[in-house]
Amino acid sequence: MRKFNREIKDLNEITELIDGCDTLRVGFNDEGCPYIVPLSFGYEVIDGAFVFYVHGAKVGKRHELAAKAELVCVEADVCKGFVTLPGGDQTADYRSFIGKGIIETITGDEAVHALTALCRHCGFDTMHCTQAVVNATCVEKITVKEFTAKQRFK
């Protein structure tokens, strides 16, 4: 991070930032070229690590890359708008989170837990998916222990 005065260090503030995000971008390495996928997500904080839950089809490019990957990069942000600074320069008022973590496919009760967290983060009280839908869905857990967060304005 270039401007350390913008770093968000407090875990509660970072959690608040992530609570305000509706999309988690997951970056994969695709034969030397980044491949980024925007996904709905759920998450929880466990022992200071962010554990993100994402889901998708059991076929397709994202699924293939996730199956091959061990590490991925994640990014989430909130842009509150754009402002003019004294002197006339313009900038964005934002907060962002970037981390790298281990991605793994999960099944069974762990997948149901993950999908419930995802539904909750997306504004639903509970998950109402049938077992057939759960079985047809690929659910992944991304454990992020290395991360930074920053903001333009406090």
# chains A, B, ... in the order shown; residues from 1 in each chain; ligands from 1
>>> select_by_dssp(residues="segment 76-137 of chain A", states="alpha helix (DSSP H)", output="list in words")
Gly108, Asp109, Glu110, Ala111, Val112, His113, Ala114, Leu115, Thr116, Ala117, Leu118, Cys119, Arg120, His121, Gln131, Ala132, Val133, Val134, Asn135 and Ala136 of chain A
>>> residues_around(residues="Cys138 of chain A", least_positions_apart="6", cutoff="8 Å", atoms="only C-alpha atoms", output="NGL selection string")
:A and (55-58 or 63 or 105-106)
>>> atom_distance(atom1="atom CA of Glu44 of chain A", atom2="atom CA of Gly81 of chain A")
27.3 Å
>>> atom_distance(atom1="atom CA of Gly101 of chain A", atom2="atom CA of Thr130 of chain A")
29.5 Å
>>> closest_atom_pairs(of="segment 44-78 of chain A", to="segment 140-144 of chain A", cutoff="8 Å", atoms="only C-alpha atoms", output="tab-separated table")
residue	atom	partner	partner_atom	distance
A:Ala49	CA	A:Val144	CA	5.6
A:Phe50	CA	A:Val144	CA	5.1
A:Val51	CA	A:Thr143	CA	4.5
A:Phe52	CA	A:Ile142	CA	5.0
A:Tyr53	CA	A:Lys141	CA	4.7
A:Val54	CA	A:Glu140	CA	5.4
A:His55	CA	A:Glu140	CA	6.0
>>> select_by_dssp(residues="segment 25-138 of chain A", states="strand (DSSP E)", output="ChimeraX atom specification")
/A:25-30,33-39,42-46,49-56,71-84,90-106,138
>>> residues_around(residues="Cys79 of chain A", least_positions_apart="6", cutoff="8 Å", atoms="only C-alpha atoms", output="ChimeraX atom specification")
/A:92-95
>>> closest_residue(among="A:Gln151, A:Asn29, A:Thr15, A:Thr23", to="Ile46 of chain A", atoms="only C-alpha atoms")
A:Thr15
>>> residues_around(residues="segment 8-10 of chain A", least_positions_apart="3", cutoff="7 Å", atoms="only C-alpha atoms", output="MDAnalysis selection string")
chainID A and resid 13:14 149:151
>>> closest_residue(among="A:Cys129, A:Tyr43, A:Tyr35, A:Cys21", to="Glu64 of chain A", atoms="only C-alpha atoms")
A:Tyr35
>>> atom_distance(atom1="atom CA of His121 of chain A", atom2="atom CA of Ile18 of chain A")
9.8 Å
>>> closest_residue(among="A:Lys61, A:Ala69, A:His113, A:Glu16", to="Val37 of chain A", atoms="only C-alpha atoms")
A:Lys61
>>> residues_around(residues="Leu118 of chain A", least_positions_apart="2", cutoff="6 Å", atoms="only C-alpha atoms", output="list in words")
Phe41, Gly42, Leu115, Thr116, Arg120 and His121 of chain A
>>> write_last_selection(atoms="N, CA and C atoms", output="PDB file, in the first residue's frame")
ATOM      1  N   PHE A  41     -21.852 -12.936  -2.618  1.00  0.00           N
ATOM      2  CA  PHE A  41     -21.073 -13.659  -1.615  1.00  0.00           C
ATOM      3  C   PHE A  41     -21.709 -13.550  -0.241  1.00  0.00           C
ATOM      4  N   GLY A  42     -21.280 -14.437   0.601  1.00  0.00           N
ATOM      5  CA  GLY A  42     -21.523 -14.368   2.032  1.00  0.00           C
ATOM      6  C   GLY A  42     -20.168 -14.477   2.693  1.00  0.00           C
ATOM      7  N   LEU A 115     -24.215 -21.274   1.868  1.00  0.00           N
ATOM      8  CA  LEU A 115     -25.324 -20.697   1.106  1.00  0.00           C
ATOM      9  C   LEU A 115     -26.253 -19.879   2.001  1.00  0.00           C
ATOM     10  N   THR A 116     -26.412 -20.290   3.231  1.00  0.00           N
ATOM     11  CA  THR A 116     -27.205 -19.521   4.186  1.00  0.00           C
ATOM     12  C   THR A 116     -26.537 -18.173   4.468  1.00  0.00           C
ATOM     13  N   ARG A 120     -28.070 -14.517   3.518  1.00  0.00           N
ATOM     14  CA  ARG A 120     -28.180 -13.492   4.553  1.00  0.00           C
ATOM     15  C   ARG A 120     -27.499 -12.199   4.107  1.00  0.00           C
ATOM     16  N   HIS A 121     -26.288 -12.321   3.536  1.00  0.00           N
ATOM     17  CA  HIS A 121     -25.569 -11.128   3.075  1.00  0.00           C
ATOM     18  C   HIS A 121     -26.328 -10.434   1.937  1.00  0.00           C
TER      19      HIS A 121
END
>>> residues_around(residues="Gly27 of chain A", least_positions_apart="4", cutoff="12 Å", atoms="only C-alpha atoms", output="ChimeraX atom specification")
/A:32-39,62,65-66,69-76,98-103,142
>>> write_last_selection(atoms="N, CA, C and O atoms", output="short mmCIF file (atom, residue, chain, number, x, y, z; two decimals), in the first residue's frame")
data_model
loop_
_atom_site.label_atom_id
_atom_site.label_comp_id
_atom_site.auth_asym_id
_atom_site.auth_seq_id
_atom_site.Cartn_x
_atom_site.Cartn_y
_atom_site.Cartn_z
N GLY A 32 -1.48 -17.33 -17.26
CA GLY A 32 -0.68 -16.12 -17.23
C GLY A 32 -1.47 -14.83 -17.39
O GLY A 32 -0.89 -13.75 -17.34
N CYS A 33 -2.76 -14.93 -17.59
CA CYS A 33 -3.60 -13.74 -17.76
C CYS A 33 -4.66 -13.72 -16.65
O CYS A 33 -5.30 -14.74 -16.40
N PRO A 34 -4.86 -12.60 -15.99
CA PRO A 34 -5.89 -12.54 -14.96
C PRO A 34 -7.29 -12.77 -15.55
O PRO A 34 -7.59 -12.34 -16.66
N TYR A 35 -8.12 -13.47 -14.80
CA TYR A 35 -9.51 -13.69 -15.16
C TYR A 35 -10.31 -13.34 -13.91
O TYR A 35 -10.16 -13.99 -12.87
N ILE A 36 -11.13 -12.31 -13.99
CA ILE A 36 -11.83 -11.78 -12.83
C ILE A 36 -13.33 -12.04 -12.97
O ILE A 36 -13.91 -11.77 -14.02
N VAL A 37 -13.93 -12.56 -11.91
CA VAL A 37 -15.35 -12.88 -11.92
C VAL A 37 -16.04 -12.13 -10.77
O VAL A 37 -15.64 -12.27 -9.62
N PRO A 38 -17.07 -11.33 -11.08
CA PRO A 38 -17.85 -10.70 -10.02
C PRO A 38 -18.90 -11.67 -9.49
O PRO A 38 -19.62 -12.29 -10.27
N LEU A 39 -18.96 -11.83 -8.17
CA LEU A 39 -19.85 -12.83 -7.57
C LEU A 39 -20.59 -12.26 -6.37
O LEU A 39 -20.05 -11.45 -5.61
N ARG A 62 -15.26 -20.38 -15.00
CA ARG A 62 -15.00 -20.05 -13.61
C ARG A 62 -14.82 -21.32 -12.78
O ARG A 62 -13.91 -21.43 -11.97
N LEU A 65 -11.41 -22.93 -13.59
CA LEU A 65 -10.29 -22.20 -12.98
C LEU A 65 -10.25 -22.40 -11.47
O LEU A 65 -9.18 -22.56 -10.88
N ALA A 66 -11.42 -22.41 -10.83
CA ALA A 66 -11.47 -22.63 -9.38
C ALA A 66 -10.97 -24.02 -9.02
O ALA A 66 -10.28 -24.19 -8.01
N ALA A 69 -7.20 -23.87 -9.20
CA ALA A 69 -6.52 -22.86 -8.37
C ALA A 69 -6.36 -23.33 -6.94
O ALA A 69 -7.17 -24.11 -6.43
N GLU A 70 -5.32 -22.85 -6.33
CA GLU A 70 -5.21 -22.98 -4.89
C GLU A 70 -5.38 -21.60 -4.28
O GLU A 70 -6.12 -21.41 -3.34
N LEU A 71 -4.70 -20.62 -4.88
CA LEU A 71 -4.78 -19.24 -4.41
C LEU A 71 -5.56 -18.39 -5.39
O LEU A 71 -5.44 -18.56 -6.61
N VAL A 72 -6.35 -17.48 -4.85
CA VAL A 72 -7.06 -16.49 -5.65
C VAL A 72 -6.90 -15.14 -4.98
O VAL A 72 -6.53 -15.05 -3.81
N CYS A 73 -7.20 -14.10 -5.73
CA CYS A 73 -7.23 -12.75 -5.20
C CYS A 73 -8.69 -12.33 -5.13
O CYS A 73 -9.48 -12.66 -6.01
N VAL A 74 -9.07 -11.63 -4.06
CA VAL A 74 -10.43 -11.13 -3.93
C VAL A 74 -10.39 -9.61 -3.76
O VAL A 74 -9.42 -9.06 -3.21
N GLU A 75 -11.45 -8.95 -4.23
CA GLU A 75 -11.55 -7.51 -4.10
C GLU A 75 -13.00 -7.13 -3.92
O GLU A 75 -13.89 -7.70 -4.56
N ALA A 76 -13.25 -6.18 -3.04
CA ALA A 76 -14.59 -5.62 -2.84
C ALA A 76 -14.41 -4.14 -2.54
O ALA A 76 -13.41 -3.74 -1.95
N ILE A 98 -8.77 -5.77 -0.40
CA ILE A 98 -8.09 -6.68 -1.32
C ILE A 98 -7.38 -7.73 -0.49
O ILE A 98 -6.75 -7.41 0.52
N GLY A 99 -7.49 -8.98 -0.91
CA GLY A 99 -6.80 -10.04 -0.19
C GLY A 99 -6.51 -11.22 -1.09
O GLY A 99 -7.01 -11.30 -2.21
N LYS A 100 -5.69 -12.10 -0.58
CA LYS A 100 -5.47 -13.35 -1.31
C LYS A 100 -5.74 -14.49 -0.36
O LYS A 100 -5.50 -14.39 0.85
N GLY A 101 -6.31 -15.55 -0.94
CA GLY A 101 -6.70 -16.64 -0.07
C GLY A 101 -6.78 -17.96 -0.79
O GLY A 101 -6.65 -18.05 -2.02
N ILE A 102 -7.02 -18.97 0.00
CA ILE A 102 -7.13 -20.34 -0.50
C ILE A 102 -8.58 -20.61 -0.85
O ILE A 102 -9.48 -20.36 -0.04
N ILE A 103 -8.82 -21.13 -2.05
CA ILE A 103 -10.17 -21.47 -2.49
C ILE A 103 -10.33 -22.99 -2.47
O ILE A 103 -9.42 -23.71 -2.86
N ILE A 142 -13.47 -19.35 0.39
CA ILE A 142 -12.18 -18.68 0.17
C ILE A 142 -11.74 -18.13 1.52
O ILE A 142 -12.36 -17.23 2.07
#
>>> closest_residue(among="A:Phe97, A:Asp22, A:Arg6, A:Leu17", to="Gly123 of chain A", atoms="only C-alpha atoms")
A:Asp22
